[in-house]
Amino acid sequence: MRTAAKSTTATLTRRPSASSLDNHSIQDRGAEMAEGKGSVIKGKGSVIKGSGDLGHYKPPPPAAVAAFMRWTREDVMSVAKLHRVPCAFAVGLLFFMGVEYTIFMVPTGSPPLDLGFVATVSLHRLLSSWPELNTLLAALNTVFVGMQTAYILWAWLIEGRPRAAISALFMFTCRGILGCSTQLPLPQGFLGSGVDFPVGNVSFFLFFSGHVAGSVIASLDMRRMQRWELAWTFDALNVLQAVRLLGTRGHYTIDLAVGLGAGILFDHLAGNYEKSHRTRGTALHSNGEC
């Protein structure tokens, strides 16, 4: 009896329990996962392997549903209240689609229809009949262009901020490319002046206005430096400059509008260039390459 009891005890001692097997199995699987030899699947998700651990469970991706299918009635009704600017542009889109598809096209050989020229007919007549006034305004406009140039160079050479100068380089290069690509005819009734910029009655590109774009670039730089009064002064002079250019038929309205947008665009691009240049310089410095 004692021998049988000892044999039974030895057998029970040598036979591992089910829980012990499970623990050893889990530990073995954990070791395999830590070494990158195995993976665990749980439901429809998966375990993302980590370095030295079991990773974490990644749930299955949700079913693809179109964005508009998640809109509620309240979302649709509140669009006009919460998104007034996009709604206004949507109305503008519909309006100008109707205008574009029904507008009377300008016949071949006829002068372009420019609403800016229509609005400045009286000024054009005044300057045509008073050449001295035209010369005076042209000279003042040239002084304003000199002010733009002086400020941009001052910001770069004296204050060490080249963004406005880089923006001007981008802008005038692009203007030259576009001006050579499409050479617009000189507007009828153009009133030139020997003191207008560029000085000397030389040829120039109509598209787009470098006068307006340069003023915008300088004004944006002034705002970055919180020189608000100077910026507003440049904006006011830019408006007067645009009116004079329309009155003398020195630019089409579209030249001035694109000049405004070009100044904003190239200032933004110059800012991106500066940011990328600083990031690249920091990376090279940290790697000991400079």
# chains A, B, ... in the order shown; residues from 1 in each chain; ligands from 1
call {"tool": "residues_around", "arguments": {"residues": "Asp235 (chain A)", "least_positions_apart": "5", "cutoff": "12 Å", "atoms": "only C-alpha atoms", "output": "PyMOL selection string"}}
result
chain A and resi 144+148+211-220+222-223+228-230+240-242+260
call {"tool": "select_by_dssp", "arguments": {"residues": "region 26-227 of chain A", "states": "strand (DSSP E)", "output": "number ranges by chain"}}
result
A: 41-42, 45-48, 56-58
call {"tool": "select_by_dssp", "arguments": {"residues": "region 51-241 of chain A", "states": "alpha helix (DSSP H)", "output": "PyMOL selection string"}}
result
chain A and resi 73-77+79-82+84-102+115-119+121-129+131-157+163-181+210-224+228-241
call {"tool": "residues_around", "arguments": {"residues": "region 104-114 of chain A", "least_positions_apart": "3", "cutoff": "12 Å", "atoms": "only C-alpha atoms", "output": "ChimeraX atom specification"}}
result
/A:99-101,117-121,184-189,246-247,249,251-256
call {"tool": "atom_distance", "arguments": {"atom1": "CA of Asp196 (chain A)", "atom2": "CA of Ser167 (chain A)"}}
result
23.5 Å
call {"tool": "closest_residue", "arguments": {"among": "A:Leu123, A:Val145, A:Leu245, A:Leu206", "to": "Thr182 (chain A)", "atoms": "only C-alpha atoms"}}
result
A:Leu206
call {"tool": "residues_around", "arguments": {"residues": "Ser193 (chain A)", "least_positions_apart": "6", "cutoff": "8 Å", "atoms": "only C-alpha atoms", "output": "PyMOL selection string"}}
result
chain A and resi 134-135+138+200-201
call {"tool": "write_last_selection", "arguments": {"atoms": "N, CA and C atoms", "output": "PDB file, in the first residue's frame"}}
result
ATOM      1  N   ASN A 134      -0.660 114.721 -66.209  1.00  0.00           N
ATOM      2  CA  ASN A 134      -0.278 113.327 -66.472  1.00  0.00           C
ATOM      3  C   ASN A 134       1.194 113.100 -66.134  1.00  0.00           C
ATOM      4  N   THR A 135       2.040 114.063 -66.488  1.00  0.00           N
ATOM      5  CA  THR A 135       3.464 113.941 -66.186  1.00  0.00           C
ATOM      6  C   THR A 135       3.714 113.994 -64.683  1.00  0.00           C
ATOM      7  N   ALA A 138       2.656 110.727 -63.128  1.00  0.00           N
ATOM      8  CA  ALA A 138       3.616 109.683 -63.496  1.00  0.00           C
ATOM      9  C   ALA A 138       4.879 109.786 -62.645  1.00  0.00           C
ATOM     10  N   GLY A 200      11.583 106.541 -69.402  1.00  0.00           N
ATOM     11  CA  GLY A 200      12.121 106.672 -70.748  1.00  0.00           C
ATOM     12  C   GLY A 200      11.218 106.173 -71.854  1.00  0.00           C
ATOM     13  N   ASN A 201       9.933 105.957 -71.566  1.00  0.00           N
ATOM     14  CA  ASN A 201       9.004 105.474 -72.589  1.00  0.00           C
ATOM     15  C   ASN A 201       9.489 104.183 -73.250  1.00  0.00           C
TER      16      ASN A 201
END
call {"tool": "residues_around", "arguments": {"residues": "region 271-273 of chain A", "least_positions_apart": "6", "cutoff": "12 Å", "atoms": "only C-alpha atoms", "output": "list in words"}}
result
Arg161, Pro162, Arg163, Ala164, Ala165, Ile166, Ser167, Phe170, Ile217, Leu220, Asp221, Arg224, Ile264, Leu265, Thr279 and Arg280 of chain A
call {"tool": "closest_residue", "arguments": {"among": "A:Ala155, A:Cys180, A:Leu137, A:Val199", "to": "Val243 (chain A)", "atoms": "only C-alpha atoms"}}
result
A:Leu137
call {"tool": "atom_distance", "arguments": {"atom1": "CA of Ser129 (chain A)", "atom2": "CA of Leu191 (chain A)"}}
result
10.7 Å
call {"tool": "atom_distance", "arguments": {"atom1": "CA of Met171 (chain A)", "atom2": "CA of Gly259 (chain A)"}}
result
9.2 Å
call {"tool": "closest_residue", "arguments": {"among": "A:Val79, A:Gly116, A:Pro198, A:His268", "to": "Gly146 (chain A)", "atoms": "only C-alpha atoms"}}
result
A:Pro198
